[in-house]
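Trainee: Structure in C-alpha coordinates, see below.
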Amino acid sequence: MLRLSKKTDYALMAMKHLASDPRRRAASAREIAEKYDIPVDLMGKVLTRLVRSGLLISHQGIHGGYQLAQPPAATSVAAVIDAIDGPLTLTACTPDHDQCEQFSKCTVRDPLHRIRDRIAAVLAECSIAEIAADPGPSAPCPPSSVQLLSESPACASGSMLSGWTYAPLRKP
(Lines give C-alpha, C1' and ligand atoms only; values in the text may rest on other atoms or scores of the structure.)
Protein backbone atom coordinates (compact mmCIF):
# COMPACT_ATOMS: atom_id res chain seq x y z
CA MET A 1 0.00 0.00 0.00
CA LEU A 2 1.17 3.49 -0.81
CA ARG A 3 1.30 5.35 2.49
CA LEU A 4 2.63 8.78 3.43
CA SER A 5 4.83 9.09 6.49
CA LYS A 6 3.58 10.95 9.56
CA LYS A 7 6.16 13.67 8.88
CA THR A 8 4.75 14.15 5.38
CA ASP A 9 1.25 14.18 6.83
CA TYR A 10 2.32 16.92 9.26
CA ALA A 11 4.07 18.84 6.48
CA LEU A 12 0.90 18.82 4.38
CA MET A 13 -1.13 19.93 7.38
CA ALA A 14 1.30 22.82 7.98
CA MET A 15 1.24 23.82 4.31
CA LYS A 16 -2.57 23.75 4.32
CA HIS A 17 -2.61 25.81 7.53
CA LEU A 18 -0.34 28.43 5.99
CA ALA A 19 -2.30 28.49 2.72
CA SER A 20 -5.77 28.64 4.28
CA ASP A 21 -5.56 32.31 5.36
CA PRO A 22 -3.91 34.55 2.74
CA ARG A 23 -3.91 37.47 5.23
CA ARG A 24 -1.64 35.57 7.63
CA ARG A 25 1.90 36.96 7.52
CA ALA A 26 3.54 33.97 9.22
CA ALA A 27 2.80 31.23 11.73
CA SER A 28 5.12 29.80 14.36
CA ALA A 29 5.92 26.13 14.74
CA ARG A 30 4.22 26.27 18.14
CA GLU A 31 1.01 27.77 16.69
CA ILE A 32 0.74 25.09 14.01
CA ALA A 33 1.70 22.25 16.36
CA GLU A 34 -0.79 23.26 19.03
CA LYS A 35 -3.63 23.69 16.54
CA TYR A 36 -3.24 20.08 15.34
CA ASP A 37 -1.95 18.42 18.53
CA ILE A 38 1.47 17.66 17.07
CA PRO A 39 4.64 17.73 19.22
CA VAL A 40 6.26 21.17 18.79
CA ASP A 41 9.77 19.73 18.32
CA LEU A 42 8.57 17.42 15.57
CA MET A 43 6.70 20.23 13.81
CA GLY A 44 9.84 22.38 14.04
CA LYS A 45 11.88 19.65 12.32
CA VAL A 46 9.27 19.26 9.59
CA LEU A 47 9.12 23.01 8.98
CA THR A 48 12.93 23.19 8.85
CA ARG A 49 12.96 20.56 6.09
CA LEU A 50 10.35 22.55 4.17
CA VAL A 51 12.50 25.69 4.50
CA ARG A 52 15.62 23.81 3.31
CA SER A 53 13.70 22.56 0.29
CA GLY A 54 12.55 26.08 -0.60
CA LEU A 55 8.84 25.51 0.05
CA LEU A 56 8.72 27.77 3.11
CA ILE A 57 10.47 30.94 4.24
CA SER A 58 11.32 31.45 7.89
CA HIS A 59 11.44 34.82 9.62
CA GLN A 60 13.19 35.44 12.94
CA GLY A 61 11.96 37.81 15.61
CA ILE A 62 8.86 38.62 17.60
CA HIS A 63 6.61 38.58 14.53
CA GLY A 64 8.55 35.79 12.89
CA GLY A 65 7.48 32.35 11.87
CA TYR A 66 6.99 30.44 8.67
CA GLN A 67 5.23 31.38 5.47
CA LEU A 68 4.81 29.85 2.04
CA ALA A 69 7.66 30.63 -0.35
CA GLN A 70 5.25 30.81 -3.30
CA PRO A 71 1.51 30.93 -3.89
CA PRO A 72 -0.32 27.74 -2.78
CA ALA A 73 -1.31 26.94 -6.37
CA ALA A 74 2.38 26.85 -7.35
CA THR A 75 3.36 24.16 -4.81
CA SER A 76 2.44 20.56 -5.50
CA VAL A 77 1.74 17.78 -3.04
CA ALA A 78 4.54 15.88 -4.79
CA ALA A 79 7.02 18.64 -3.88
CA VAL A 80 6.04 18.38 -0.20
CA ILE A 81 6.35 14.58 -0.22
CA ASP A 82 9.76 14.82 -1.90
CA ALA A 83 10.95 17.45 0.60
CA ILE A 84 10.12 15.24 3.58
CA ASP A 85 10.47 11.64 2.40
CA GLY A 86 12.52 11.97 -0.77
CA PRO A 87 11.49 10.63 -4.16
CA LEU A 88 8.39 8.46 -4.35
CA THR A 89 9.27 4.79 -4.72
CA LEU A 90 7.17 1.65 -5.04
CA THR A 91 9.97 -0.89 -5.29
CA ALA A 92 13.43 -1.36 -3.81
CA CYS A 93 15.03 -1.11 -7.24
CA THR A 94 15.35 1.95 -9.42
CA PRO A 95 16.18 2.22 -13.13
CA ASP A 96 19.81 3.12 -12.33
CA HIS A 97 20.24 0.61 -9.47
CA ASP A 98 20.92 -2.88 -10.75
CA GLN A 99 22.22 -4.56 -7.58
CA CYS A 100 19.16 -6.75 -7.15
CA GLU A 101 19.83 -10.39 -8.04
CA GLN A 102 16.62 -10.41 -10.09
CA PHE A 103 17.31 -7.13 -11.93
CA SER A 104 18.05 -8.66 -15.35
CA LYS A 105 15.19 -11.20 -15.11
CA CYS A 106 12.53 -9.11 -13.40
CA THR A 107 9.32 -8.92 -15.45
CA VAL A 108 7.48 -6.37 -13.27
CA ARG A 109 10.21 -3.76 -12.66
CA ASP A 110 9.44 -1.61 -15.70
CA PRO A 111 5.63 -1.78 -15.35
CA LEU A 112 5.95 -0.84 -11.66
CA HIS A 113 8.17 2.11 -12.58
CA ARG A 114 5.52 3.28 -15.06
CA ILE A 115 2.87 2.97 -12.31
CA ARG A 116 5.09 4.97 -9.98
CA ASP A 117 5.43 7.66 -12.66
CA ARG A 118 1.64 7.85 -13.03
CA ILE A 119 1.14 8.19 -9.27
CA ALA A 120 3.85 10.87 -9.14
CA ALA A 121 2.13 12.75 -11.97
CA VAL A 122 -1.18 12.79 -10.09
CA LEU A 123 0.55 14.08 -6.94
CA ALA A 124 2.36 16.71 -9.02
CA GLU A 125 -0.98 17.92 -10.42
CA CYS A 126 -2.50 18.38 -6.96
CA SER A 127 -1.55 21.73 -5.43
CA ILE A 128 -1.52 22.99 -1.87
CA ALA A 129 -4.29 25.37 -2.97
CA GLU A 130 -6.49 22.34 -3.70
CA ILE A 131 -5.66 20.86 -0.30
CA ALA A 132 -6.39 24.21 1.38
CA ALA A 133 -9.75 24.46 -0.39
CA ASP A 134 -10.66 21.12 1.27
CA PRO A 135 -13.21 19.89 -1.25
CA GLY A 136 -14.06 16.88 0.92
CA PRO A 137 -13.50 13.17 0.46
CA SER A 138 -15.98 12.82 -2.41
CA ALA A 139 -14.05 15.14 -4.74
CA PRO A 140 -10.79 13.72 -6.10
CA CYS A 141 -7.65 15.82 -6.09
CA PRO A 142 -7.07 16.38 -8.98
CA PRO A 143 -9.94 15.17 -11.18
CA SER A 144 -8.10 12.59 -13.27
CA SER A 145 -7.99 8.84 -13.59
CA VAL A 146 -7.78 8.32 -9.81
CA GLN A 147 -10.34 8.66 -7.04
CA LEU A 148 -9.71 8.95 -3.32
CA LEU A 149 -11.11 6.37 -0.95
CA SER A 150 -11.11 7.02 2.79
CA GLU A 151 -9.98 4.25 5.11
CA SER A 152 -10.81 5.78 8.46
CA PRO A 153 -13.05 8.40 10.08
CA ALA A 154 -9.98 10.54 10.83
CA CYS A 155 -9.35 10.78 7.11
CA ALA A 156 -12.93 11.67 6.27
CA SER A 157 -12.39 15.05 7.91
CA GLY A 158 -9.65 15.80 5.38
CA SER A 159 -7.18 16.53 8.16
CA MET A 160 -4.93 13.51 7.72
CA LEU A 161 -3.84 12.43 4.26
CA SER A 162 -1.86 9.34 5.22
CA GLY A 163 -5.00 7.22 5.53
CA TRP A 164 -6.14 7.88 1.96
CA THR A 165 -5.82 5.11 -0.56
CA TYR A 166 -6.02 5.50 -4.29
CA ALA A 167 -8.06 3.39 -6.70
CA PRO A 168 -8.58 3.64 -10.44
CA LEU A 169 -11.90 5.06 -11.56
CA ARG A 170 -14.17 2.56 -13.21
CA LYS A 171 -15.23 3.42 -16.73
CA PRO A 172 -19.02 3.16 -17.24
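In the C-alpha coordinates, each chain is lettered A, B, ... as it comes, each chain's residues begin at 1, and ligands are numbered from 1 in order of appearance.
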Could you name the residues that touch stretch 71-87 of chain A at 9 Å or less, counting only C-alpha atoms, but leaving out those on the same chain fewer than 4 positions away, as a PyMOL selection string?

Mentor: chain A and resi 4-5+7-9+11-12+15-16+18-20+46+49-50+52-55+120-132

Trainee: Closest to A:Val108 among A:Cys93, A:Leu2, A:Leu42, A:Ala14, using only C-alpha atoms?

Mentor: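 Using only C-alpha atoms, A:Val108 sits closest to A:Cys93.
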
Trainee: Nearest residue to A:Ser28 out of A:Cys106, A:Ile119, A:Ala133, A:Leu56, using only C-alpha atoms?

Mentor: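 Closest to A:Ser28, using only C-alpha atoms: A:Leu56.
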
Trainee: So that I can check the surroundings of A:His113, please list as a VMD selection string every protein, DNA and RNA residue that reaches within 12 Å of it, counting only C-alpha atoms and ignoring chain neighbours fewer than 3 positions away.

Mentor: chain A and resid 88 to 96 107 to 110 116 to 120

Trainee: Which is closer to A:Ile62 than all the others in A:Ala27, A:Lys6, A:Lys35, A:Met43, using only C-alpha atoms?

Mentor: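 Checking each candidate against A:Ile62, we get A:Ala27 as the closest.
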
Trainee: What does the structure give for the distance between atom CA of A:Arg23 and atom CA of A:Tyr36, in Å to one decimal?

Mentor: 20.1 Å

Trainee: If you run DSSP on this backbone, which residues of stretch 55-125 of chain A come out as alpha helix (DSSP H), and could you give them as a list in words?

Mentor: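 Taking stretch 55-125 of chain A and keeping alpha helix (DSSP H) gives Val77, Ala78, Ala79, Val80, Ile81, Asp82, Ala83, Ile84, Asp85, Arg109, Asp110, Pro111, Leu112, His113, Arg114, Ile115, Arg116, Asp117, Arg118, Ile119, Ala120, Ala121, Val122, Leu123, Ala124 and Glu125 of chain A.
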
Trainee: Quick one: pull the distance between atom CA of A:Arg3 and atom CA of A:Gln102, Å, one decimal.

Mentor: 25.3 Å

Trainee: Could you state the separation of atom CA of A:Ala29 and atom CA of A:Lys45 in Å, given to one decimal place?

Mentor: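 About the pair atom CA of A:Ala29 and atom CA of A:Lys45: they are 9.1 Å apart.
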
Trainee: I need the residue nearest A:Asp21 from this list: A:Ala33, A:Ile38, A:Leu112, A:Leu68. Use only C-alpha atoms for the distance.

Mentor: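 Nearest candidate to A:Asp21 out of A:Ala33, A:Ile38, A:Leu112, A:Leu68: A:Leu68.
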